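Okay, target-v8.pdb is below, PDB, C-alpha atoms:
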```
ATOM      1  CA  TRP A   1     -45.052  52.937 -10.166
ATOM      2  CA  ASP A   2     -46.545  56.398 -10.796
ATOM      3  CA  GLY A   3     -49.124  56.272 -13.579
ATOM      4  CA  LEU A   4     -49.611  52.496 -13.604
ATOM      5  CA  PRO A   5     -53.158  51.120 -13.042
ATOM      6  CA  SER A   6     -53.775  49.830  -9.527
ATOM      7  CA  ASN A   7     -55.489  46.565 -10.538
ATOM      8  CA  ALA A   8     -54.506  43.731 -12.877
ATOM      9  CA  ALA A   9     -57.449  44.063 -15.320
ATOM     10  CA  ASP A  10     -56.801  47.751 -16.009
ATOM     11  CA  LEU A  11     -53.064  47.111 -16.216
ATOM     12  CA  PHE A  12     -53.373  44.457 -18.927
ATOM     13  CA  HIS A  13     -55.965  46.557 -20.768
ATOM     14  CA  SER A  14     -53.629  49.550 -20.836
ATOM     15  CA  CYS A  15     -50.742  47.340 -22.017
ATOM     16  CA  ARG A  16     -52.838  46.127 -24.992
ATOM     17  CA  GLN A  17     -53.283  49.734 -26.068
ATOM     18  CA  LEU A  18     -49.536  50.314 -26.315
ATOM     19  CA  THR A  19     -48.181  50.829 -29.828
ATOM     20  CA  GLN A  20     -44.646  50.440 -28.508
ATOM     21  CA  VAL A  21     -43.546  48.663 -25.326
ATOM     22  CA  PRO A  22     -41.636  51.092 -23.087
ATOM     23  CA  PHE A  23     -38.048  50.095 -22.341
ATOM     24  CA  GLY A  24     -37.782  48.225 -19.031
ATOM     25  CA  LEU A  25     -41.532  47.598 -18.649
ATOM     26  CA  GLN A  26     -41.150  43.849 -18.150
ATOM     27  CA  LYS A  27     -38.475  44.336 -15.513
ATOM     28  CA  LEU A  28     -40.630  46.940 -13.780
ATOM     29  CA  LEU A  29     -43.642  44.625 -13.669
ATOM     30  CA  LEU A  30     -41.707  41.535 -12.597
ATOM     31  CA  PHE A  31     -39.630  43.154  -9.844
ATOM     32  CA  PRO A  32     -42.314  43.260  -7.106
ATOM     33  CA  ILE A  33     -43.384  39.706  -7.988
ATOM     34  CA  GLN A  34     -39.818  38.427  -7.768
ATOM     35  CA  THR A  35     -39.201  40.316  -4.528
ATOM     36  CA  SER A  36     -42.344  38.933  -2.931
ATOM     37  CA  SER A  37     -41.598  35.382  -4.069
ATOM     38  CA  HIS A  38     -38.005  35.605  -2.822
ATOM     39  CA  ARG A  39     -39.095  36.958   0.578
ATOM     40  CA  ARG A  40     -41.710  34.226   0.978
ATOM     41  CA  LEU A  41     -39.219  31.548  -0.056
ATOM     42  CA  MET A  42     -36.663  32.817   2.459
ATOM     43  CA  ILE A  43     -39.195  32.838   5.314
ATOM     44  CA  ASP A  44     -40.589  29.389   4.503
ATOM     45  CA  SER A  45     -37.174  27.729   4.111
ATOM     46  CA  SER A  46     -34.845  26.377   6.767
ATOM     47  CA  PRO A  47     -31.839  28.556   7.726
ATOM     48  CA  VAL A  48     -29.527  26.293   5.705
ATOM     49  CA  ASP A  49     -31.718  26.456   2.590
ATOM     50  CA  SER A  50     -32.168  30.224   3.040
ATOM     51  CA  SER A  51     -28.391  30.587   2.994
ATOM     52  CA  ARG A  52     -28.246  28.614  -0.249
ATOM     53  CA  ILE A  53     -30.882  30.855  -1.801
ATOM     54  CA  GLN A  54     -28.884  33.938  -0.795
ATOM     55  CA  ALA A  55     -25.733  32.500  -2.353
ATOM     56  CA  LEU A  56     -27.477  32.210  -5.718
ATOM     57  CA  GLY A  57     -28.323  35.927  -5.701
ATOM     58  CA  LEU A  58     -24.892  37.394  -5.001
ATOM     59  CA  HIS A  59     -23.279  40.024  -7.185
ATOM     60  CA  PRO A  60     -22.691  38.775 -10.769
ATOM     61  CA  SER A  61     -18.928  39.325 -10.361
ATOM     62  CA  THR A  62     -18.801  36.360  -7.976
ATOM     63  CA  ARG A  63     -19.722  33.897 -10.720
ATOM     64  CA  ILE A  64     -17.557  35.246 -13.546
ATOM     65  CA  CYS A  65     -15.373  32.135 -13.415
ATOM     66  CA  LEU A  66     -18.396  30.016 -14.377
ATOM     67  CA  THR A  67     -19.383  32.067 -17.416
ATOM     68  CA  THR A  68     -16.088  33.390 -18.824
ATOM     69  CA  LEU A  69     -14.128  31.444 -21.418
ATOM     70  CA  PRO A  70     -10.601  30.620 -20.148
ATOM     71  CA  SER A  71      -7.807  32.541 -21.854
ATOM     72  CA  THR A  72      -4.884  30.347 -20.704
ATOM     73  CA  ASP A  73      -4.347  26.842 -19.358
ATOM     74  CA  ASP A  74      -3.922  28.360 -15.883
ATOM     75  CA  THR A  75      -7.514  29.598 -15.921
ATOM     76  CA  LEU A  76      -9.013  26.394 -17.305
ATOM     77  CA  LEU A  77     -11.285  24.480 -14.922
ATOM     78  CA  THR A  78     -11.551  20.720 -15.165
ATOM     79  CA  ASN A  79     -15.006  19.153 -15.127
ATOM     80  CA  GLN A  80     -14.478  18.164 -11.487
ATOM     81  CA  GLU A  81     -13.335  21.664 -10.453
ATOM     82  CA  TRP A  82     -16.306  23.253 -12.196
ATOM     83  CA  SER A  83     -18.666  20.785 -10.509
ATOM     84  CA  ASP A  84     -17.081  21.423  -7.097
ATOM     85  CA  PHE A  85     -17.470  25.197  -7.477
ATOM     86  CA  VAL A  86     -21.164  24.896  -8.358
ATOM     87  CA  ARG A  87     -21.720  22.543  -5.403
ATOM     88  CA  LEU A  88     -19.914  24.975  -3.111
ATOM     89  CA  ARG A  89     -21.956  27.910  -4.385
ATOM     90  CA  VAL A  90     -25.338  26.262  -3.761
ATOM     91  CA  GLY A  91     -24.278  24.647  -0.489
ATOM     92  CA  SER A  92     -24.559  21.102  -1.806
ATOM     93  CA  SER A  93     -22.485  18.172  -0.599
ATOM     94  CA  PHE A  94     -19.409  17.159  -2.590
ATOM     95  CA  ALA A  95     -19.247  13.900  -4.486
ATOM     96  CA  GLY A  96     -17.734  11.181  -2.309
ATOM     97  CA  VAL A  97     -18.117  13.160   0.939
ATOM     98  CA  PRO A  98     -20.696  11.635   3.334
ATOM     99  CA  VAL A  99     -23.358  14.152   4.355
ATOM    100  CA  ASP A 100     -23.898  12.551   7.761
ATOM    101  CA  GLY A 101     -20.353  11.438   8.452
ATOM    102  CA  LYS A 102     -17.364  12.851  10.311
ATOM    103  CA  CYS A 103     -14.433  14.958   9.163
ATOM    104  CA  VAL A 104     -11.401  12.701   8.649
ATOM    105  CA  LEU A 105      -9.114  15.458   9.986
ATOM    106  CA  CYS A 106     -10.816  16.809  13.123
ATOM    107  CA  ASN A 107     -13.494  14.126  13.654
ATOM    108  CA  ALA A 108     -16.248  16.759  13.828
ATOM    109  CA  ALA A 109     -19.731  15.672  12.806
ATOM    110  CA  MET A 110     -20.806  16.991   9.387
ATOM    111  CA  SER A 111     -24.457  17.476   8.561
ATOM    112  CA  SER A 112     -26.228  19.278   5.723
ATOM    113  CA  GLU A 113     -23.805  22.176   6.316
ATOM    114  CA  VAL A 114     -20.921  20.000   5.122
ATOM    115  CA  THR A 115     -19.707  22.469   2.464
ATOM    116  CA  ALA A 116     -18.880  25.044   5.133
ATOM    117  CA  HIS A 117     -16.624  22.724   7.093
ATOM    118  CA  PRO A 118     -13.465  22.936   4.920
ATOM    119  CA  PHE A 119     -13.432  26.698   5.590
ATOM    120  CA  CYS A 120     -13.881  26.225   9.343
ATOM    121  CA  CYS A 121     -11.991  23.009  10.132
ATOM    122  CA  PRO A 122      -9.426  23.710  12.887
ATOM    123  CA  LYS A 123      -7.001  21.255  11.280
ATOM    124  CA  LEU A 124      -6.841  23.360   8.118
ATOM    125  CA  ARG A 125      -6.320  26.779   9.677
ATOM    126  CA  ARG A 126      -2.540  26.536   9.361
ATOM    127  CA  LEU A 127      -2.626  24.628   6.088
ATOM    128  CA  GLY A 128      -4.958  25.253   3.125
ATOM    129  CA  VAL A 129      -6.772  28.209   4.713
ATOM    130  CA  THR A 130      -3.503  29.995   5.511
ATOM    131  CA  ASP A 131      -2.081  29.192   2.072
ATOM    132  CA  ARG A 132      -5.116  30.811   0.423
ATOM    133  CA  HIS A 133      -4.794  33.879   2.677
ATOM    134  CA  ASN A 134      -1.098  34.329   1.883
ATOM    135  CA  LEU A 135      -1.593  33.743  -1.846
ATOM    136  CA  VAL A 136      -4.273  36.446  -2.110
ATOM    137  CA  ALA A 137      -2.213  38.884  -0.014
ATOM    138  CA  ARG A 138       0.883  38.374  -2.202
ATOM    139  CA  THR A 139      -1.122  38.611  -5.433
ATOM    140  CA  PHE A 140      -2.787  41.848  -4.338
ATOM    141  CA  ALA A 141       0.564  43.286  -3.224
ATOM    142  CA  ALA A 142       2.091  42.514  -6.633
ATOM    143  CA  ALA A 143      -0.826  44.222  -8.384
ATOM    144  CA  ALA A 144      -0.502  47.279  -6.119
ATOM    145  CA  ARG A 145       3.211  47.564  -6.937
ATOM    146  CA  ARG A 146       2.361  47.606 -10.662
ATOM    147  CA  CYS A 147       0.144  50.610  -9.881
ATOM    148  CA  GLY A 148       3.128  52.518  -8.447
ATOM    149  CA  VAL A 149       2.482  52.003  -4.738
ATOM    150  CA  SER A 150       5.208  50.837  -2.329
ATOM    151  CA  VAL A 151       4.074  47.701  -0.489
ATOM    152  CA  SER A 152       5.397  45.900   2.575
ATOM    153  CA  LEU A 153       3.901  42.552   3.578
ATOM    154  CA  GLU A 154       3.488  42.009   7.328
ATOM    155  CA  PRO A 155       5.427  45.232   8.070
ATOM    156  CA  SER A 156       7.784  44.749  10.985
ATOM    157  CA  PRO A 157       8.139  46.470  13.297
ATOM    158  CA  PHE A 158       4.637  47.915  12.991
ATOM    159  CA  LEU A 159       4.407  49.459  16.434
ATOM    160  CA  PRO A 160       7.072  48.802  19.068
ATOM    161  CA  ASP A 161       4.529  48.497  21.895
ATOM    162  CA  SER A 162       2.103  46.152  20.097
ATOM    163  CA  HIS A 163       2.337  42.527  18.955
ATOM    164  CA  LYS A 164      -0.401  43.089  16.367
ATOM    165  CA  LYS A 165       0.709  43.276  12.771
ATOM    166  CA  PRO A 166      -1.491  43.895   9.672
ATOM    167  CA  ASP A 167      -0.993  41.856   6.518
ATOM    168  CA  ALA A 168       0.197  44.717   4.302
ATOM    169  CA  GLY A 169       1.177  48.366   4.330
ATOM    170  CA  PHE A 170       0.973  50.747   1.357
ATOM    171  CA  THR A 171       2.769  54.073   0.974
ATOM    172  CA  HIS A 172       2.754  56.715  -1.742
ATOM    173  CA  VAL A 173       3.943  60.346  -1.599
ATOM    174  CA  GLY A 174       3.831  60.520   2.191
ATOM    175  CA  SER A 175       0.427  58.821   2.529
ATOM    176  CA  ALA A 176       0.265  55.475   4.333
ATOM    177  CA  PHE A 177      -2.548  52.979   4.695
ATOM    178  CA  TYR A 178      -2.724  49.403   5.922
ATOM    179  CA  THR A 179      -4.940  46.393   5.389
ATOM    180  CA  ASP A 180      -5.594  42.964   6.859
ATOM    181  CA  PHE A 181      -7.235  40.159   4.875
ATOM    182  CA  THR A 182     -10.037  37.895   6.023
ATOM    183  CA  PHE A 183     -12.294  35.479   4.136
ATOM    184  CA  PRO A 184     -15.719  34.815   5.710
ATOM    185  CA  HIS A 185     -17.757  31.943   4.321
ATOM    186  CA  LEU A 186     -21.442  32.726   3.764
ATOM    187  CA  HIS A 187     -22.532  29.139   4.446
ATOM    188  CA  ALA A 188     -20.703  28.888   7.794
ATOM    189  CA  PRO A 189     -23.028  27.639  10.607
ATOM    190  CA  SER A 190     -22.195  30.685  12.748
ATOM    191  CA  ARG A 191     -23.659  32.942  10.034
ATOM    192  CA  ILE A 192     -26.554  30.751   8.935
ATOM    193  CA  HIS A 193     -28.146  30.925  12.399
ATOM    194  CA  ALA A 194     -27.180  34.487  13.354
ATOM    195  CA  GLY A 195     -29.771  36.577  11.501
ATOM    196  CA  SER A 196     -33.082  37.968  12.707
ATOM    197  CA  ARG A 197     -36.245  35.814  12.665
ATOM    198  CA  GLY A 198     -34.123  32.712  12.181
ATOM    199  CA  LEU A 199     -32.852  33.851   8.774
ATOM    200  CA  PRO A 200     -29.145  33.762   7.861
ATOM    201  CA  LEU A 201     -27.099  36.934   7.805
ATOM    202  CA  SER A 202     -27.158  38.730   4.471
ATOM    203  CA  GLU A 203     -24.040  39.023   2.340
ATOM    204  CA  PHE A 204     -23.636  42.680   3.404
ATOM    205  CA  GLN A 205     -24.018  41.794   7.101
ATOM    206  CA  VAL A 206     -21.394  39.052   6.879
ATOM    207  CA  LEU A 207     -18.889  41.308   5.118
ATOM    208  CA  GLU A 208     -19.545  44.307   7.374
ATOM    209  CA  SER A 209     -19.316  42.216  10.545
ATOM    210  CA  ALA A 210     -15.888  40.919   9.522
ATOM    211  CA  ALA A 211     -14.765  44.426   8.505
ATOM    212  CA  SER A 212     -15.930  45.873  11.825
ATOM    213  CA  SER A 213     -13.912  43.261  13.713
ATOM    214  CA  LYS A 214     -10.778  44.178  11.771
ATOM    215  CA  ARG A 215     -11.359  47.918  12.238
ATOM    216  CA  SER A 216     -11.668  47.554  16.013
ATOM    217  CA  LYS A 217      -8.302  45.783  16.004
ATOM    218  CA  TYR A 218      -6.265  48.132  13.819
ATOM    219  CA  VAL A 219      -7.853  51.589  13.309
ATOM    220  CA  ASP A 220      -6.568  53.103  16.562
ATOM    221  CA  LEU A 221      -3.115  51.564  16.092
ATOM    222  CA  CYS A 222      -2.816  53.019  12.600
ATOM    223  CA  ALA A 223      -3.963  56.422  13.855
ATOM    224  CA  LYS A 224      -0.916  56.518  16.149
ATOM    225  CA  ILE A 225       1.346  56.669  13.095
ATOM    226  CA  ASP A 226      -0.967  58.945  11.063
ATOM    227  CA  ALA A 227      -2.023  56.114   8.751
ATOM    228  CA  PHE A 228      -5.374  54.855   7.511
ATOM    229  CA  PHE A 229      -6.711  51.337   7.891
ATOM    230  CA  LEU A 230      -9.012  49.685   5.327
ATOM    231  CA  PRO A 231      -9.821  46.002   5.976
ATOM    232  CA  ALA A 232      -9.771  43.608   3.022
ATOM    233  CA  VAL A 233     -12.823  41.414   3.565
ATOM    234  CA  ILE A 234     -13.416  38.955   0.718
ATOM    235  CA  SER A 235     -16.071  36.273   0.937
ATOM    236  CA  THR A 236     -15.166  32.767  -0.191
ATOM    237  CA  PHE A 237     -17.464  33.390  -3.186
ATOM    238  CA  GLY A 238     -15.459  36.449  -4.288
ATOM    239  CA  SER A 239     -17.617  39.383  -3.136
ATOM    240  CA  PHE A 240     -15.862  42.021  -1.054
ATOM    241  CA  SER A 241     -16.556  44.734   1.497
ATOM    242  CA  GLN A 242     -16.982  48.457   0.885
ATOM    243  CA  ASP A 243     -13.676  49.109   2.695
ATOM    244  CA  PHE A 244     -11.821  46.806   0.319
ATOM    245  CA  GLN A 245     -13.418  48.594  -2.632
ATOM    246  CA  ALA A 246     -12.199  51.895  -1.158
ATOM    247  CA  LEU A 247      -8.681  50.440  -0.889
ATOM    248  CA  ILE A 248      -8.825  49.315  -4.527
ATOM    249  CA  ASP A 249      -9.990  52.796  -5.574
ATOM    250  CA  LYS A 250      -7.127  54.496  -3.685
ATOM    251  CA  ILE A 251      -4.475  52.353  -5.358
ATOM    252  CA  ALA A 252      -6.120  52.614  -8.790
ATOM    253  CA  GLU A 253      -6.113  56.410  -8.519
ATOM    254  CA  VAL A 254      -2.328  56.306  -8.052
ATOM    255  CA  ALA A 255      -1.916  54.220 -11.211
ATOM    256  CA  ASP A 256      -4.116  56.631 -13.154
ATOM    257  CA  ALA A 257      -2.365  59.748 -11.812
ATOM    258  CA  GLU A 258       1.060  58.351 -12.733
ATOM    259  CA  GLN A 259      -0.260  57.219 -16.142
ATOM    260  CA  ARG A 260       0.772  53.616 -15.514
ATOM    261  CA  MET A 261      -2.681  52.395 -16.576
ATOM    262  CA  SER A 262      -6.231  53.681 -16.742
ATOM    263  CA  LEU A 263      -8.421  53.837 -13.671
ATOM    264  CA  LYS A 264     -10.705  51.149 -15.113
ATOM    265  CA  THR A 265      -7.815  48.791 -15.918
ATOM    266  CA  ALA A 266      -6.241  49.221 -12.488
ATOM    267  CA  ARG A 267      -9.535  48.558 -10.720
ATOM    268  CA  PHE A 268     -10.102  45.426 -12.783
ATOM    269  CA  MET A 269      -6.594  44.123 -12.095
ATOM    270  CA  LEU A 270      -6.827  44.744  -8.346
ATOM    271  CA  SER A 271     -10.332  43.289  -8.132
ATOM    272  CA  SER A 272      -9.322  40.138 -10.002
ATOM    273  CA  VAL A 273      -7.626  38.748  -6.884
ATOM    274  CA  THR A 274     -11.104  37.858  -5.609
ATOM    275  CA  ALA A 275     -11.778  35.473  -8.500
TER     276      ALA A 275
END
```
Turn this file's structure into structure tokens for me.
Amino acid sequence: WDGLPSNAADLFHSCRQLTQVPFGLQKLLLFPIQTSSHRRLMIDSSPVDSSRIQALGLHPSTRICLTTLPSTDDTLLTNQEWSDFVRLRVGSSFAGVPVDGKCVLCNAAMSSEVTAHPFCCPKLRRLGVTDRHNLVARTFAAAARRCGVSVSLEPSPFLPDSHKKPDAGFTHVGSAFYTDFTFPHLHAPSRIHAGSRGLPLSEFQVLESAASSKRSKYVDLCAKIDAFFLPAVISTFGSFSQDFQALIDKIAEVADAEQRMSLKTARFMLSSVTA
């Protein structure tokens, strides 16, 4: 803001004198207005609506599937699937699902937070939720192997004196690191009502909270075998934690060093499991 007039009249007068509009001027002028409007909207909205507003402002990578043309039949979304994704993203109810009804599986009451329930329903934790978890873990492991890293899923035995077992272990030239996957949902009731001043937790807070929980469970165990632990925290919208990005970078560096593929290509391939 250095050099810009402090009041609106002088600002517009100075802009009229410009013979050429500086690059990025509009973005510079609109940013504080957008920030102020967003902050006011968040404060004035209910926790549920605030969570929906946050979901619309996530990293652009989390909405690639809505804006990218499909390259194969496997990546083609039907009209219903596209509609369901948009409804999920904005926290809207699904067509045919009663907003003030009960879950047909667990009989829990569903309110305006209905879109979070499929990710939290206790009757799905060993069905669809587990299937998604295992599918992502296997897909990421396959991508890591293409980068030249040895991968073991649910390595057993991990430690003889512990029943805990991470989802995957990676080894390359004497270096070992492990990960465990988790998929927090940003619209979950436990996160909508957990922030300060009644606001929902931010995307970063949700991801970091889940990562911290995983680290407390596995970091010390991995240290006993001189290995690193990097949790794989991926939100249900596709954004992921800093630790997972660090894991992607480590594996991509192996692919680049062994000339299997470029660093950029390896990162893109490994990151695509979040789509």
- Item | Two-atom distance - CA of Thr139 (chain A), CA of Ser202 (chain A) (Å) |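 Spanning CA of Thr139 (chain A) to CA of Ser202 (chain A) is a straight-line distance of 27.9 Å.
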- Message: As a check of understanding, name the residues that the PyMOL selection byres ((chain A and resi 260) around 12) selects in the supplied structure, as a count of residues only.
- Response: 22
- Go through A:Ala141, A:Ala188, A:Ile225, A:Val206 one by one, measure the shortest atom-to-atom distance of each to Gly174 (chain A) using all atoms listed in the file, and give the residue with the smallest value.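 The shortest atom-to-atom distance to Gly174 (chain A) comes from A:Ile225.
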- Query: In Å to one decimal, how far is CA of Pro155 (chain A) from CA of Met269 (chain A)?
  - Reply: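 We find that CA of Met269 (chain A) and CA of Pro155 (chain A) lie 23.5 Å from each other.
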- Message: Please enumerate the residues selected by the PyMOL selection byres ((chain A and resi 222) around 12) when evaluated against the supplied file, formatted as a list in words.
- Response: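 With the shown file as input, the PyMOL selection byres ((chain A and resi 222) around 12) matches Phe158, Leu159, Ser162, Lys164, Lys165, Pro166, Gly169, Ala176, Phe177, Tyr178, Thr179, Asp180, Lys214, Arg215, Ser216, Lys217, Tyr218, Val219, Asp220, Leu221, Ala223, Lys224, Ile225, Asp226, Ala227, Phe228, Phe229, Leu230 and Pro231 of chain A.
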- Task: Just give me the gap between CA of Asp84 (chain A) and CA of Gly238 (chain A) in Å, one decimal is fine.
- Result: 15.4 Å
Enumerate, as a JSON list (two decimals) with C-alpha atoms, in the coordinates of the input, the residues matched when the PyMOL selection byres ((chain A and resi 245) around 10) is run on the file above.
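As written to disk, selection_18.json reads:
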```json
[["chain", "number", "residue", "atom", "x", "y", "z"],
["A", 230, "LEU", "CA", -9.01, 49.68, 5.33],
["A", 231, "PRO", "CA", -9.82, 46.00, 5.98],
["A", 232, "ALA", "CA", -9.77, 43.61, 3.02],
["A", 233, "VAL", "CA", -12.82, 41.41, 3.56],
["A", 240, "PHE", "CA", -15.86, 42.02, -1.05],
["A", 241, "SER", "CA", -16.56, 44.73, 1.50],
["A", 242, "GLN", "CA", -16.98, 48.46, 0.88],
["A", 243, "ASP", "CA", -13.68, 49.11, 2.70],
["A", 244, "PHE", "CA", -11.82, 46.81, 0.32],
["A", 246, "ALA", "CA", -12.20, 51.90, -1.16],
["A", 247, "LEU", "CA", -8.68, 50.44, -0.89],
["A", 248, "ILE", "CA", -8.82, 49.32, -4.53],
["A", 249, "ASP", "CA", -9.99, 52.80, -5.57],
["A", 250, "LYS", "CA", -7.13, 54.50, -3.68],
["A", 267, "ARG", "CA", -9.54, 48.56, -10.72],
["A", 270, "LEU", "CA", -6.83, 44.74, -8.35],
["A", 271, "SER", "CA", -10.33, 43.29, -8.13]]
```
- Message: Env of Arg191 (chain A): 8 Å cut, atoms = all atoms listed in the file, seq-sep filter 4 positions within chain, self excluded. Answer as a ChimeraX atom specification.
- Response: /A:186-187,195,200-201,206
